[in-house]
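What follows is a set of notes on a single structure, which appears directly below.
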Amino acid sequence: MALIECPSCTKRISDKSTSCPFCDFKLAGLSPQDQDREWQRIQQEKKDKLLSQSMLALIIAIGAFAYMYLAQPYPESWQAQVAYGLIIVSVIWFVANRIRLLLIKKKRR
Ligand SMILES: [Zn+2]
């Protein structure tokens, strides 16, 4: 019995199993090439999702920043506090997404 990497969740599973016990990914009938292709597709999907999330984070940061610049609310007002909070949260979110993007494996194994 050999161990292979699940194309979907990348956990180690038996090559005899017909579906992944962790994520229910169907393995039966997939050739190694198909599994590779499926793995690539799933990694690409993860990448696309992270990219659109970091774009969203960037837009929120820019929006909050533009609001601060244009509306110039008093620093003590709740509007300013919310805008500051949004900038901080979205910048952290953006950086976290970029790091997760870097951590996505490019090659299987
Ligand atoms: Zn799996």
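Residues in the structure tokens are numbered from 1 in each chain, the chains being A, B, ... in the order shown, and ligands are numbered from 1 in the order shown.
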
### Query
Hey, which residues come within 10 Å of ligand 1 if we count only C-alpha atoms and all ligand atoms? Could you give them as an NGL selection string?
:A and (5-13 or 19-27)

Residues as selected, all heavy atoms, written as a short mmCIF file (atom, residue, chain, number, x, y, z; two decimals), in the first residue's frame, can you do that?
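Output (result21.cif):
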data_model
loop_
_atom_site.label_atom_id
_atom_site.label_comp_id
_atom_site.auth_asym_id
_atom_site.auth_seq_id
_atom_site.Cartn_x
_atom_site.Cartn_y
_atom_site.Cartn_z
N GLU A 5 -0.74 11.81 -2.38
CA GLU A 5 -1.25 13.08 -1.87
C GLU A 5 -2.61 13.34 -2.50
O GLU A 5 -2.76 13.24 -3.72
CB GLU A 5 -0.28 14.19 -2.26
CG GLU A 5 -0.27 15.35 -1.30
CD GLU A 5 0.87 16.30 -1.62
OE1 GLU A 5 0.85 16.87 -2.71
OE2 GLU A 5 1.77 16.45 -0.77
N CYS A 6 -3.60 13.62 -1.66
CA CYS A 6 -4.92 13.94 -2.19
C CYS A 6 -4.82 15.19 -3.07
O CYS A 6 -4.26 16.19 -2.65
CB CYS A 6 -5.90 14.19 -1.04
SG CYS A 6 -7.46 14.90 -1.58
N PRO A 7 -5.33 15.15 -4.30
CA PRO A 7 -5.23 16.31 -5.19
C PRO A 7 -5.98 17.53 -4.64
O PRO A 7 -5.68 18.65 -5.00
CB PRO A 7 -5.89 15.82 -6.48
CG PRO A 7 -5.99 14.35 -6.36
CD PRO A 7 -6.05 14.03 -4.91
N SER A 8 -6.96 17.27 -3.79
CA SER A 8 -7.80 18.36 -3.32
C SER A 8 -7.26 19.02 -2.05
O SER A 8 -7.04 20.21 -2.00
CB SER A 8 -9.21 17.85 -3.09
OG SER A 8 -10.00 18.85 -2.55
N CYS A 9 -7.03 18.20 -1.01
CA CYS A 9 -6.63 18.79 0.27
C CYS A 9 -5.16 18.53 0.59
O CYS A 9 -4.68 18.97 1.62
CB CYS A 9 -7.53 18.27 1.40
SG CYS A 9 -7.39 16.50 1.68
N THR A 10 -4.45 17.80 -0.27
CA THR A 10 -3.02 17.50 -0.17
C THR A 10 -2.64 16.70 1.08
O THR A 10 -1.48 16.63 1.43
CB THR A 10 -2.14 18.79 -0.23
OG1 THR A 10 -2.31 19.53 0.96
CG2 THR A 10 -2.49 19.63 -1.44
N LYS A 11 -3.62 16.08 1.73
CA LYS A 11 -3.29 15.19 2.84
C LYS A 11 -2.86 13.84 2.27
O LYS A 11 -3.20 13.47 1.16
CB LYS A 11 -4.50 15.01 3.76
CG LYS A 11 -4.80 16.22 4.61
CD LYS A 11 -5.76 15.85 5.73
CE LYS A 11 -5.95 16.97 6.71
NZ LYS A 11 -6.75 18.08 6.18
N ARG A 12 -2.09 13.11 3.07
CA ARG A 12 -1.59 11.81 2.62
C ARG A 12 -2.69 10.75 2.79
O ARG A 12 -3.24 10.59 3.87
CB ARG A 12 -0.36 11.40 3.43
CG ARG A 12 0.80 12.31 3.22
CD ARG A 12 1.93 11.55 2.57
NE ARG A 12 2.83 12.46 1.89
CZ ARG A 12 3.34 12.22 0.67
NH1 ARG A 12 3.02 11.12 0.05
NH2 ARG A 12 4.14 13.06 0.11
N ILE A 13 -2.96 10.06 1.70
CA ILE A 13 -3.99 9.02 1.75
C ILE A 13 -3.50 7.79 1.01
O ILE A 13 -2.54 7.86 0.23
CB ILE A 13 -5.32 9.51 1.13
CG1 ILE A 13 -5.06 10.05 -0.27
CG2 ILE A 13 -5.97 10.57 2.00
CD1 ILE A 13 -6.31 10.38 -1.03
N SER A 19 -11.98 7.35 -2.55
CA SER A 19 -12.20 8.77 -2.34
C SER A 19 -11.42 9.19 -1.10
O SER A 19 -11.10 8.37 -0.24
CB SER A 19 -13.69 9.08 -2.17
OG SER A 19 -14.16 8.49 -0.98
N CYS A 20 -11.10 10.47 -1.02
CA CYS A 20 -10.30 10.97 0.09
C CYS A 20 -11.13 10.95 1.37
O CYS A 20 -12.24 11.48 1.40
CB CYS A 20 -9.84 12.39 -0.22
SG CYS A 20 -9.04 13.19 1.17
N PRO A 21 -10.59 10.34 2.46
CA PRO A 21 -11.35 10.30 3.72
C PRO A 21 -11.46 11.67 4.39
O PRO A 21 -12.27 11.86 5.28
CB PRO A 21 -10.54 9.33 4.59
CG PRO A 21 -9.19 9.28 4.00
CD PRO A 21 -9.32 9.61 2.54
N PHE A 22 -10.64 12.62 3.96
CA PHE A 22 -10.64 13.95 4.61
C PHE A 22 -11.60 14.91 3.93
O PHE A 22 -12.30 15.67 4.58
CB PHE A 22 -9.23 14.54 4.60
CG PHE A 22 -8.22 13.68 5.31
CD1 PHE A 22 -7.35 12.90 4.59
CD2 PHE A 22 -8.18 13.65 6.69
CE1 PHE A 22 -6.42 12.10 5.24
CE2 PHE A 22 -7.26 12.86 7.35
CZ PHE A 22 -6.38 12.08 6.62
N CYS A 23 -11.62 14.89 2.59
CA CYS A 23 -12.43 15.90 1.90
C CYS A 23 -13.41 15.28 0.91
O CYS A 23 -14.07 16.00 0.17
CB CYS A 23 -11.52 16.89 1.18
SG CYS A 23 -10.60 16.15 -0.17
N ASP A 24 -13.48 13.95 0.85
CA ASP A 24 -14.44 13.27 -0.03
C ASP A 24 -14.14 13.43 -1.50
O ASP A 24 -15.00 13.17 -2.34
CB ASP A 24 -15.87 13.75 0.25
CG ASP A 24 -16.52 12.87 1.31
OD1 ASP A 24 -16.05 11.74 1.48
OD2 ASP A 24 -17.48 13.33 1.95
N PHE A 25 -12.93 13.86 -1.83
CA PHE A 25 -12.56 13.99 -3.23
C PHE A 25 -12.53 12.60 -3.88
O PHE A 25 -11.92 11.68 -3.37
CB PHE A 25 -11.20 14.65 -3.34
CG PHE A 25 -10.72 14.85 -4.74
CD1 PHE A 25 -11.24 15.85 -5.52
CD2 PHE A 25 -9.76 14.00 -5.28
CE1 PHE A 25 -10.81 16.03 -6.82
CE2 PHE A 25 -9.33 14.17 -6.58
CZ PHE A 25 -9.86 15.19 -7.35
N LYS A 26 -13.20 12.46 -5.03
CA LYS A 26 -13.27 11.17 -5.70
C LYS A 26 -11.97 10.87 -6.43
O LYS A 26 -11.53 11.63 -7.28
CB LYS A 26 -14.42 11.17 -6.72
CG LYS A 26 -15.79 11.28 -6.07
CD LYS A 26 -16.32 9.90 -5.68
CE LYS A 26 -17.64 10.04 -4.92
NZ LYS A 26 -17.50 10.65 -3.59
N LEU A 27 -11.37 9.74 -6.09
CA LEU A 27 -10.10 9.36 -6.71
C LEU A 27 -10.25 8.21 -7.68
O LEU A 27 -9.43 8.01 -8.56
CB LEU A 27 -9.10 8.93 -5.63
CG LEU A 27 -8.57 10.04 -4.73
CD1 LEU A 27 -8.09 9.46 -3.43
CD2 LEU A 27 -7.47 10.78 -5.42
#

### Message
Residues near region 33-46 of chain A, anyone? I mean within 8 Å using only C-alpha atoms, not counting same-chain ones fewer than 3 positions away, as a ChimeraX atom specification.
### Response
/A:7-8,27,30,49-50,104-106,108

May I have the selected residues written with N, CA and C atoms, as an mmCIF file, in the first residue's frame?
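Dumped everything to result14.cif:
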data_model
loop_
_atom_site.group_PDB
_atom_site.id
_atom_site.type_symbol
_atom_site.label_atom_id
_atom_site.label_comp_id
_atom_site.auth_asym_id
_atom_site.auth_seq_id
_atom_site.Cartn_x
_atom_site.Cartn_y
_atom_site.Cartn_z
ATOM 1 N N PRO A 7 -5.331 15.150 -4.296
ATOM 2 C CA PRO A 7 -5.233 16.307 -5.188
ATOM 3 C C PRO A 7 -5.982 17.528 -4.641
ATOM 4 N N SER A 8 -6.960 17.269 -3.786
ATOM 5 C CA SER A 8 -7.803 18.363 -3.316
ATOM 6 C C SER A 8 -7.263 19.018 -2.052
ATOM 7 N N LEU A 27 -11.366 9.739 -6.090
ATOM 8 C CA LEU A 27 -10.095 9.359 -6.707
ATOM 9 C C LEU A 27 -10.253 8.209 -7.681
ATOM 10 N N LEU A 30 -9.272 7.880 -11.646
ATOM 11 C CA LEU A 30 -8.431 8.974 -12.103
ATOM 12 C C LEU A 30 -7.013 8.473 -12.327
ATOM 13 N N LYS A 49 -8.991 32.757 -5.713
ATOM 14 C CA LYS A 49 -9.790 33.208 -4.586
ATOM 15 C C LYS A 49 -8.978 34.181 -3.722
ATOM 16 N N LEU A 50 -7.727 33.817 -3.456
ATOM 17 C CA LEU A 50 -6.872 34.682 -2.644
ATOM 18 C C LEU A 50 -6.607 36.002 -3.353
ATOM 19 N N ILE A 104 1.194 28.834 -1.379
ATOM 20 C CA ILE A 104 0.579 27.819 -2.240
ATOM 21 C C ILE A 104 1.660 27.116 -3.033
ATOM 22 N N LYS A 105 1.648 25.821 -2.959
ATOM 23 C CA LYS A 105 2.684 25.049 -3.636
ATOM 24 C C LYS A 105 2.493 25.118 -5.141
ATOM 25 N N LYS A 106 3.601 25.264 -5.844
ATOM 26 C CA LYS A 106 3.506 25.371 -7.298
ATOM 27 C C LYS A 106 3.567 24.000 -7.951
ATOM 28 N N ARG A 108 3.350 19.693 -7.386
ATOM 29 C CA ARG A 108 2.909 18.619 -6.531
ATOM 30 C C ARG A 108 4.125 17.841 -6.036
#

Closest contacts (region 2-73 of chain A/region 84-99 of chain A, max 6 Å, only C-alpha atoms) as CSV:
residue,atom,partner,partner_atom,distance
A:Leu50,CA,A:Asn97,CA,5.8
A:Ser54,CA,A:Phe94,CA,4.8
A:Ala57,CA,A:Ser90,CA,4.8
A:Ala61,CA,A:Ile87,CA,4.7

### DSSP-assigned strand (DSSP E) members of chain A, reported as a list in words
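Filtering chain A to strand (DSSP E) leaves Leu3, Ile4, Glu5, Arg12, Ile13 and Ser14 of chain A.
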
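The smallest atom-to-atom distance between Tyr69 (chain A) and any of A:Leu102, A:Ala83, A:Leu56, A:Leu51, using only C-alpha atoms, is found for A:Ala83.
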
### Task
Between CA of Ala28 (chain A) and CA of Ala2 (chain A), measure the distance and give it in Å to one decimal.
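Calculated distance between CA of Ala28 (chain A) and CA of Ala2 (chain A) is 15.2 Å.
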
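Atom pair CA of Ala80 (chain A) / CA of Ile60 (chain A): separated by 14.4 Å.
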